[in-house]
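J.: Structure: data27.txt, compact mmCIF, C-alpha atoms.
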# COMPACT_ATOMS: atom_id res chain seq x y z
CA MET X 6 108.98 155.12 66.26
CA ASP X 7 107.44 157.66 68.58
CA TYR X 8 103.91 156.28 68.85
CA PHE X 9 102.06 153.01 68.43
CA GLU X 10 98.74 151.45 69.35
CA ARG X 11 98.18 147.77 70.06
CA LYS X 12 95.62 145.41 71.52
CA LEU X 13 96.64 143.07 74.30
CA ASP X 14 96.07 139.41 73.53
CA SER X 15 94.15 137.10 75.87
CA LYS X 16 97.33 136.44 77.90
CA ARG X 17 97.99 140.18 78.54
CA ARG X 18 100.83 140.27 76.01
CA LEU X 19 101.78 143.48 74.23
CA THR X 20 103.41 143.11 70.82
CA ILE X 21 106.34 145.46 70.40
CA PRO X 22 106.58 146.85 66.83
CA THR X 23 109.35 145.31 64.76
CA GLU X 24 110.88 148.77 64.18
CA ILE X 25 111.85 149.09 67.87
CA ARG X 26 112.29 145.48 69.04
CA ASP X 27 116.07 145.74 68.90
CA ARG X 28 115.87 148.34 71.70
CA PHE X 29 114.43 145.61 73.93
CA LEU X 30 116.95 142.85 73.20
CA SER X 31 118.22 143.15 76.78
CA GLY X 32 114.66 142.71 78.06
CA ALA X 33 111.98 145.06 79.32
CA VAL X 34 111.11 146.65 82.65
CA ILE X 35 107.52 147.77 83.29
CA THR X 36 106.67 150.06 86.19
CA ARG X 37 103.99 152.42 87.37
CA GLY X 38 104.39 155.91 85.99
CA PHE X 39 104.06 159.30 87.66
CA GLY X 40 100.34 159.31 86.81
CA GLN X 41 97.75 156.68 85.89
CA TYR X 42 99.92 155.07 83.20
CA LEU X 43 102.87 152.71 82.91
CA HIS X 44 106.48 153.10 81.88
CA LEU X 45 108.05 150.55 79.53
CA TYR X 46 111.85 150.68 79.66
CA PRO X 47 114.42 148.73 77.71
CA LYS X 48 116.21 146.81 80.47
CA ASP X 49 119.57 148.41 79.69
CA VAL X 50 118.02 151.89 79.99
CA TRP X 51 116.57 150.90 83.37
CA GLU X 52 119.90 149.55 84.60
CA ASN X 53 122.09 152.36 83.24
CA LEU X 54 119.89 155.45 83.61
CA VAL X 55 117.10 154.79 86.13
CA GLU X 56 118.84 152.63 88.76
CA PRO X 57 121.62 155.18 89.36
CA LYS X 58 118.99 157.89 89.98
CA LEU X 59 117.16 155.62 92.44
CA ALA X 60 120.37 154.89 94.33
CA GLY X 61 120.70 158.48 95.66
CA ASP X 62 121.24 159.48 99.28
CA VAL X 63 119.75 156.97 101.70
CA LEU X 64 118.19 159.80 103.76
CA ASP X 65 116.72 161.73 100.84
CA GLU X 66 112.92 161.44 101.04
CA ARG X 67 112.54 162.43 97.38
CA VAL X 68 114.72 159.48 96.37
CA ALA X 69 112.78 157.22 98.74
CA ASP X 70 109.47 158.35 97.20
CA LEU X 71 110.79 157.67 93.69
CA ASN X 72 111.90 154.20 94.75
CA VAL X 73 108.45 153.41 96.13
CA ARG X 74 106.75 154.72 92.99
CA PHE X 75 108.92 152.86 90.50
CA ARG X 76 109.62 149.64 92.39
CA ARG X 77 106.06 148.98 93.56
CA GLY X 78 104.76 146.43 91.10
CA LYS X 79 107.89 146.61 88.90
CA THR X 80 108.26 143.62 86.59
CA GLU X 81 110.97 142.48 84.25
CA ALA X 82 110.33 140.43 81.14
CA GLU X 83 112.00 139.09 78.05
CA LEU X 84 110.39 139.55 74.66
CA ASP X 85 109.31 136.27 73.20
CA ALA X 86 111.54 135.49 70.24
CA ARG X 87 108.81 134.62 67.76
CA GLN X 88 106.47 137.60 67.97
CA GLY X 89 108.24 140.21 70.11
CA ARG X 90 105.65 140.24 72.87
CA VAL X 91 105.99 141.19 76.51
CA THR X 92 103.50 140.19 79.20
CA ILE X 93 102.07 142.94 81.38
CA GLU X 94 100.99 141.85 84.85
CA GLN X 95 97.31 142.34 85.69
CA HIS X 96 97.98 144.57 88.71
CA LEU X 97 99.85 147.03 86.46
CA LEU X 98 97.05 147.01 83.89
CA ASP X 99 94.55 147.67 86.68
CA TYR X 100 96.64 150.59 87.96
CA ALA X 101 96.74 152.20 84.51
CA GLY X 102 93.11 151.43 83.68
CA ILE X 103 94.20 149.43 80.63
CA THR X 104 91.76 146.71 79.65
CA HIS X 105 92.53 145.78 76.06
CA ASP X 106 93.73 148.69 73.94
CA VAL X 107 97.13 150.26 74.65
CA VAL X 108 98.54 153.56 73.41
CA ALA X 109 102.34 153.84 73.64
CA VAL X 110 104.18 157.14 73.29
CA SER X 111 107.93 157.56 73.33
CA VAL X 112 109.15 159.92 76.02
CA GLY X 113 112.82 159.74 75.13
CA GLN X 114 114.48 156.59 76.40
CA TYR X 115 111.26 154.76 77.33
CA TYR X 116 107.57 154.50 76.44
CA ARG X 117 104.50 155.64 78.31
CA LEU X 118 101.73 153.01 78.11
CA MET X 119 98.18 154.31 78.52
CA ALA X 120 94.57 153.41 78.03
CA PRO X 121 93.16 155.33 75.02
CA ASP X 122 90.92 157.44 77.26
CA GLN X 123 93.96 158.60 79.27
CA VAL X 124 95.67 160.22 76.29
CA ASN X 125 95.68 164.00 76.61
Could you quickly redo this structure as structure tokens?
T.:
Amino acid sequence: MDYFERKLDSKRRLTIPTEIRDRFLSGAVITRGFGQYLHLYPKDVWENLVEPKLAGDVLDERVADLNVRFRRGKTEAELDARQGRVTIEQHLLDYAGITHDVVAVSVGQYYRLMAPDQVN
């Protein structure tokens, strides 16, 4: 599934479509993106693909900047077993300008979460 739209519930929970829930069995990591949107990673993708990139040379400013971008506000969550939902922290929603409606687009190994008016 490359694209889905959902509405957050009153507790800021995003329901992950059943077709892709198995990708999030290890959990989910939500971070700020490169722009005014969020990244939703399966936890194993974060641990195996993102963390090694963030561990680069301790004196590399580019690596330091990436660490600040992706770790600032980073949250980890488990999907609830009954409905496959993940809670998104309010500070991340505020950053992305997401109030209620969420557009999610696959960008390979993770999803970009955006407010509908942010979609290009």
J.: Of the residues X:Arg76, X:His105, X:Arg87, X:Arg18, which is the one nearest to His44 in chain X, using all atoms listed in the file?
T.: X:Arg76
J.: Measure the distance from CA of Leu84 in chain X to CA of Gly40 in chain X in Å and round it to one decimal.
T.: 25.3 Å
J.: Between CA of Leu45 in chain X and CA of Leu13 in chain X, what is the distance in Å, rounded to a tenth?
T.: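 CA of Leu13 in chain X lies 14.6 Å from CA of Leu45 in chain X.
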J.: Find the residues around Thr23 in chain X up to 12 Å (all atoms listed in the file counted), leave out those fewer than 5 positions away in its own chain, and share them as a list in words.
T.: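 Everything that qualifies: Met6, Phe9, Arg28, Phe29, Leu30, Leu84, Ala86, Arg87, Gln88, Gly89 and Arg90 of chain X.
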J.: To one decimal in Å, tell me the separation between CA of Lys48 in chain X and CA of Arg26 in chain X.
T.: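 Pair CA of Lys48 in chain X / CA of Arg26 in chain X returns 12.2 Å.
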J.: Between X:Leu59, X:Thr104, X:Tyr115, X:Glu10, which one has atoms that come closest to Ala33 in chain X, using all atoms listed in the file?
T.: X:Tyr115
J.: Leaving out Asp106 in chain X and any residue of its chain fewer than 3 positions from it, which residues lie within 8 Å of it when counting all atoms listed in the file, given as a tab-separated table (two decimals) with C-alpha atoms, in the frame of the given file?
T.:
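And here's result-v4.tsv as it stands now:
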chain	number	residue	atom	x	y	z
X	10	GLU	CA	98.74	151.45	69.35
X	11	ARG	CA	98.18	147.77	70.06
X	12	LYS	CA	95.62	145.41	71.52
X	13	LEU	CA	96.64	143.07	74.30
X	103	ILE	CA	94.20	149.43	80.63
X	120	ALA	CA	94.57	153.41	78.03
X	121	PRO	CA	93.16	155.33	75.02
J.: Near Val55 in chain X, counting all atoms listed in the file, which residues have an atom at most 12 Å away, once you skip same-chain residues fewer than 4 positions from it, shown as a ChimeraX atom specification?
T.: /X:34,36,44-51,59-61,68,71-72,75-76,114-115
J.: Which one of X:Met119, X:Asn53, X:Asp27, X:Val73 sits closest to Asp99 in chain X if you count all atoms listed in the file?
T.: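 Of X:Met119, X:Asn53, X:Asp27, X:Val73, the one nearest Asp99 in chain X is X:Met119, counting all atoms listed in the file.
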J.: Name the residues in contact with Leu118 in chain X at a cut-off of 8 Å, using only C-alpha atoms, excluding same-chain residues fewer than 6 positions from it; report them as a list of chain:residue names.
T.: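 Non-adjacent residues within range: X:Tyr42, X:Leu43, X:His44, X:Leu45, X:Val107, X:Val108, X:Ala109, X:Val110.
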J.: Go ahead and write the selection's residues with C-alpha atoms as a compact mmCIF listing (two decimals), in the coordinates of the input.
T.:
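Final output, again.txt:
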# COMPACT_ATOMS: atom_id res chain seq x y z
CA TYR X 42 99.92 155.07 83.20
CA LEU X 43 102.87 152.71 82.91
CA HIS X 44 106.48 153.10 81.88
CA LEU X 45 108.05 150.55 79.53
CA VAL X 107 97.13 150.26 74.65
CA VAL X 108 98.54 153.56 73.41
CA ALA X 109 102.34 153.84 73.64
CA VAL X 110 104.18 157.14 73.29
J.: Counting all atoms listed in the file, figure out which residue out of X:Ser31, X:Ser15, X:Arg37, X:Tyr8 gets nearest to Glu83 in chain X.
T.: X:Ser31
J.: For a quick check of your reading of the model, name the residues lying within 7 Å of the coordinate (107.9, 145.9, 89.4), counting only C-alpha atoms, and write them as a ChimeraX atom specification.
T.: /X:35-36,76-81
J.: Restricting the calculation to all atoms listed in the file: of X:Gln95, X:Asp85, X:Glu56, X:Arg74, which residue gets closest to Phe39 in chain X?
T.: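 For Phe39 in chain X, the nearest of the candidates is X:Arg74.
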